[in-house]
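As stored in model_15.txt (compact mmCIF, C-alpha atoms):
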# COMPACT_ATOMS: atom_id res chain seq x y z
CA MET A 78 7.98 2.15 -19.64
CA ILE A 79 6.12 4.75 -17.55
CA THR A 80 3.64 5.31 -20.35
CA LEU A 81 2.87 1.61 -20.33
CA PHE A 82 2.32 1.62 -16.55
CA VAL A 83 0.07 4.68 -16.75
CA THR A 84 -1.94 3.12 -19.57
CA PHE A 85 -2.43 -0.09 -17.62
CA ALA A 86 -3.30 1.87 -14.46
CA LEU A 87 -5.97 3.89 -16.29
CA PHE A 88 -7.33 0.73 -17.86
CA ALA A 89 -7.45 -0.95 -14.44
CA LEU A 90 -9.21 2.09 -12.98
CA ALA A 91 -11.83 2.02 -15.74
CA MET A 92 -12.35 -1.72 -15.31
CA ALA A 93 -12.69 -1.34 -11.54
CA ALA A 94 -15.25 1.44 -11.96
CA MET A 95 -17.24 -0.65 -14.43
CA GLY A 96 -17.06 -3.64 -12.09
CA ILE A 97 -18.31 -1.64 -9.10
CA TYR A 98 -21.07 -0.14 -11.22
CA SER A 99 -22.08 -3.59 -12.48
CA VAL A 100 -22.20 -5.15 -9.02
CA MET A 101 -24.21 -2.27 -7.57
CA ALA A 102 -26.58 -2.17 -10.57
CA TYR A 103 -27.16 -5.90 -10.23
CA MET A 104 -27.82 -5.52 -6.52
CA VAL A 105 -30.33 -2.76 -7.21
CA SER A 106 -32.06 -4.80 -9.91
CA GLU A 107 -32.35 -7.78 -7.55
CA ARG A 108 -33.87 -5.56 -4.86
CA THR A 109 -36.25 -3.61 -7.11
CA ALA A 110 -39.34 -5.07 -5.45
CA GLU A 111 -38.03 -4.17 -2.00
CA ILE A 112 -37.06 -0.67 -3.09
CA SER A 113 -40.42 -0.05 -4.75
CA LEU A 114 -42.20 -1.29 -1.63
CA ARG A 115 -40.15 1.07 0.51
CA ILE A 116 -41.03 3.97 -1.77
CA ALA A 117 -44.71 2.97 -1.80
CA LEU A 118 -44.73 2.90 2.01
CA GLY A 119 -43.32 6.42 2.17
CA ALA A 120 -39.55 6.24 1.98
CA GLU A 121 -38.02 9.35 0.50
CA GLN A 122 -35.71 9.21 -2.49
CA TRP A 123 -32.79 10.21 -0.29
CA ASP A 124 -33.50 7.25 2.04
CA VAL A 125 -33.24 4.81 -0.86
CA MET A 126 -30.07 6.47 -2.15
CA ARG A 127 -28.55 6.46 1.32
CA MET A 128 -29.29 2.74 1.72
CA ILE A 129 -27.51 1.87 -1.53
CA LEU A 130 -24.64 4.33 -1.01
CA TYR A 131 -24.11 2.88 2.49
CA LYS A 132 -23.86 -0.64 1.06
CA GLY A 133 -21.42 0.52 -1.63
CA GLY A 134 -19.44 2.59 0.86
CA LYS A 135 -19.01 -0.36 3.17
CA LEU A 136 -17.68 -2.48 0.31
CA MET A 137 -15.44 0.40 -0.78
CA LEU A 138 -13.89 0.75 2.69
CA ILE A 139 -13.21 -2.98 2.91
CA GLY A 140 -11.63 -2.98 -0.57
CA THR A 141 -9.55 0.10 0.16
CA GLY A 142 -8.25 -1.42 3.38
CA ILE A 143 -7.28 -4.65 1.64
CA GLY A 144 -5.68 -2.68 -1.19
CA VAL A 145 -3.57 -0.48 1.10
CA VAL A 146 -2.35 -3.48 3.09
CA GLY A 147 -1.57 -5.33 -0.15
CA ALA A 148 0.28 -2.32 -1.54
CA LEU A 149 2.35 -2.03 1.62
CA LEU A 150 3.27 -5.70 1.39
CA MET A 151 4.06 -5.54 -2.34
CA SER A 152 6.02 -2.28 -2.19
CA ARG A 153 9.25 -3.98 -1.19
CA ILE A 154 8.95 -6.45 -4.08
CA LEU A 155 8.21 -3.69 -6.60
CA SER A 156 10.89 -1.31 -5.25
CA SER A 157 13.22 -2.19 -8.13
CA LEU A 158 10.67 -0.72 -10.58
CA LEU A 159 10.28 2.56 -8.68
CA VAL A 160 12.61 5.26 -9.96
CA GLY A 161 12.76 8.51 -8.00
CA VAL A 162 10.03 7.41 -5.58
CA SER A 163 10.50 5.72 -2.23
CA GLU A 164 8.85 2.36 -1.77
CA ARG A 165 6.55 3.75 0.93
CA ASP A 166 5.83 7.12 -0.65
CA PRO A 167 3.39 8.94 1.66
CA LEU A 168 1.81 10.87 -1.21
CA THR A 169 0.90 7.61 -2.91
CA PHE A 170 -0.51 5.96 0.20
CA VAL A 171 -2.41 9.10 1.25
CA GLY A 172 -3.50 10.41 -2.16
CA VAL A 173 -4.48 7.34 -4.14
CA PRO A 174 -7.02 5.71 -1.75
CA PRO A 175 -9.27 8.81 -1.57
CA PHE A 176 -9.15 9.10 -5.36
CA LEU A 177 -10.13 5.45 -5.75
CA ALA A 178 -12.85 5.94 -3.13
CA LEU A 179 -14.21 8.85 -5.18
CA VAL A 180 -14.32 6.67 -8.29
CA ALA A 181 -16.13 3.96 -6.31
CA LEU A 182 -18.58 6.53 -4.91
CA ILE A 183 -19.40 7.80 -8.40
CA ALA A 184 -19.82 4.24 -9.68
CA THR A 185 -22.19 3.53 -6.76
CA TYR A 186 -24.09 6.81 -7.09
CA VAL A 187 -25.44 6.04 -10.56
CA PRO A 188 -27.35 2.85 -9.56
CA ALA A 189 -28.46 4.55 -6.33
CA PHE A 190 -29.86 7.48 -8.30
CA ARG A 191 -31.70 5.13 -10.65
CA ALA A 192 -33.10 3.15 -7.71
CA ALA A 193 -34.42 6.32 -6.11
CA ARG A 194 -36.37 7.08 -9.28
CA VAL A 195 -38.15 3.71 -9.41
CA ASP A 196 -41.89 3.97 -9.98
CA PRO A 197 -43.42 1.65 -7.37
CA MET A 198 -46.46 0.76 -9.46
CA GLN A 199 -44.48 -0.18 -12.52
CA ALA A 200 -41.98 -2.22 -10.49
CA MET A 201 -44.79 -4.12 -8.76
CA ARG A 202 -46.43 -4.91 -12.10
CA ILE A 203 -43.22 -6.49 -13.34
CA GLU A 204 -43.05 -8.73 -10.28

Any chance you could put this one into structure tokens?
Amino acid sequence: MITLFVTFALFALAMAAMGIYSVMAYMVSERTAEISLRIALGAEQWDVMRMILYKGGKLMLIGTGIGVVGALLMSRILSSLLVGVSERDPLTFVGVPPFLALVALIATYVPAFRAARVDPMQAMRIE
């Protein structure tokens, strides 16, 4: 039973990371003209990365807050499935959100890194 839960949890983590990556990559592709214009006008690569990481970080904090509140509300319902763990286990509520935030940060970093490497001339030609 635990193996099944762990398998589903890892699958859900991978799907969430791919979803975050997809949303951020789509956002970057939609804003390629803006990003290339910023770079052409003198923005540093770090400025572009910071802009995208800030956007992803804001979404990550909102999602983490909703997830923690939802987990607190659902913990009483799922308490019958928890064996050897209290329904409000502090390790779970303190350890899991930073780990998920790290996964979200990595999934956001990849599109941000690619956006920072955009060649302004090539991006303007495409538009």

With segment 96-115 of chain A as the partner and 6 Å as the cut-off, tabulate the residues of segment 146-194 of chain A that qualify, each row holding the nearest pair of atoms and their distance in Å to one decimal, using all atoms listed in the file, sorted by chain and rising number, as JSON lines.
{"residue": "A:Ala184", "atom": "CA", "partner": "A:Tyr98", "partner_atom": "CA", "distance": 4.8}
{"residue": "A:Thr185", "atom": "CA", "partner": "A:Tyr98", "partner_atom": "CA", "distance": 5.9}
{"residue": "A:Pro188", "atom": "CA", "partner": "A:Ala102", "partner_atom": "CA", "distance": 5.2}

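Distances here use all atoms listed in the file; by that measure, the residue among A:Val162, A:Trp123, A:Leu130, A:Pro174 closest to Gly144 of chain A is A:Pro174.
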
(request) Considering all atoms listed in the file, state which residue in the set A:Met198, A:Phe190, A:Ile183, A:Leu177 is at the smallest distance from Leu87 of chain A. (result)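 Among the listed residues, the smallest separation from Leu87 of chain A belongs to A:Leu177.
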
(request) Take atom CA of Leu150 of chain A and atom CA of Leu182 of chain A and report the distance between them in Å, one decimal. (result)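 That distance, rounded to one decimal, is 25.8 Å.
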
(message) Just to confirm, what's the straight-line distance from atom CA of Ile79 of chain A to atom CA of Val180 of chain A in Å (one decimal)?
(response)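 A separation of 22.5 Å between them.
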
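Of the residues listed (A:Gly133, A:Met128, A:Phe170, A:Ile116), A:Phe170 shows the shortest atom-to-atom separation from Gly147 of chain A; distances use only C-alpha atoms.
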
(request) Mind giving me the straight-line distance from atom CA of Val173 of chain A to atom CA of Thr141 of chain A in Å, one decimal? (result) 9.8 Å

For Ala148 of chain A: contacts at 12 Å, all atoms listed in the file, fewer than 2 positions along chain excluded, given as a PDB file with C-alpha atoms, keeping the file's coordinate frame:
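The result, stored in selection_9.pdb:
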ATOM      1  CA  GLY A 140     -11.630  -2.980  -0.570  1.00  0.00           C
ATOM      2  CA  THR A 141      -9.550   0.100   0.160  1.00  0.00           C
ATOM      3  CA  GLY A 142      -8.250  -1.420   3.380  1.00  0.00           C
ATOM      4  CA  ILE A 143      -7.280  -4.650   1.640  1.00  0.00           C
ATOM      5  CA  GLY A 144      -5.680  -2.680  -1.190  1.00  0.00           C
ATOM      6  CA  VAL A 145      -3.570  -0.480   1.100  1.00  0.00           C
ATOM      7  CA  VAL A 146      -2.350  -3.480   3.090  1.00  0.00           C
ATOM      8  CA  LEU A 150       3.270  -5.700   1.390  1.00  0.00           C
ATOM      9  CA  MET A 151       4.060  -5.540  -2.340  1.00  0.00           C
ATOM     10  CA  SER A 152       6.020  -2.280  -2.190  1.00  0.00           C
ATOM     11  CA  ARG A 153       9.250  -3.980  -1.190  1.00  0.00           C
ATOM     12  CA  ILE A 154       8.950  -6.450  -4.080  1.00  0.00           C
ATOM     13  CA  LEU A 155       8.210  -3.690  -6.600  1.00  0.00           C
ATOM     14  CA  SER A 156      10.890  -1.310  -5.250  1.00  0.00           C
ATOM     15  CA  GLU A 164       8.850   2.360  -1.770  1.00  0.00           C
ATOM     16  CA  ARG A 165       6.550   3.750   0.930  1.00  0.00           C
ATOM     17  CA  ASP A 166       5.830   7.120  -0.650  1.00  0.00           C
ATOM     18  CA  THR A 169       0.900   7.610  -2.910  1.00  0.00           C
ATOM     19  CA  PHE A 170      -0.510   5.960   0.200  1.00  0.00           C
ATOM     20  CA  VAL A 173      -4.480   7.340  -4.140  1.00  0.00           C
ATOM     21  CA  PRO A 174      -7.020   5.710  -1.750  1.00  0.00           C
TER      22      PRO A 174
END

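With distances taken over all atoms listed in the file, A:Met126 is the one residue among A:Met78, A:Ala89, A:Val83, A:Met126 lying closest to Arg194 of chain A.
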
(message) Please determine, counting only C-alpha atoms, which residue among A:Leu90, A:Tyr131, A:Ser163, A:Ala117 has the shortest atom-to-atom distance to Phe176 of chain A.
(response)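 Result for the nearest residue to Phe176 of chain A: A:Leu90.
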
(message) Please determine, counting only C-alpha atoms, which residue among A:Leu136, A:Val171, A:Ala120, A:Ala181 has the shortest atom-to-atom distance to Met92 of chain A.
(response)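 Closest to Met92 of chain A of all the choices is A:Ala181.
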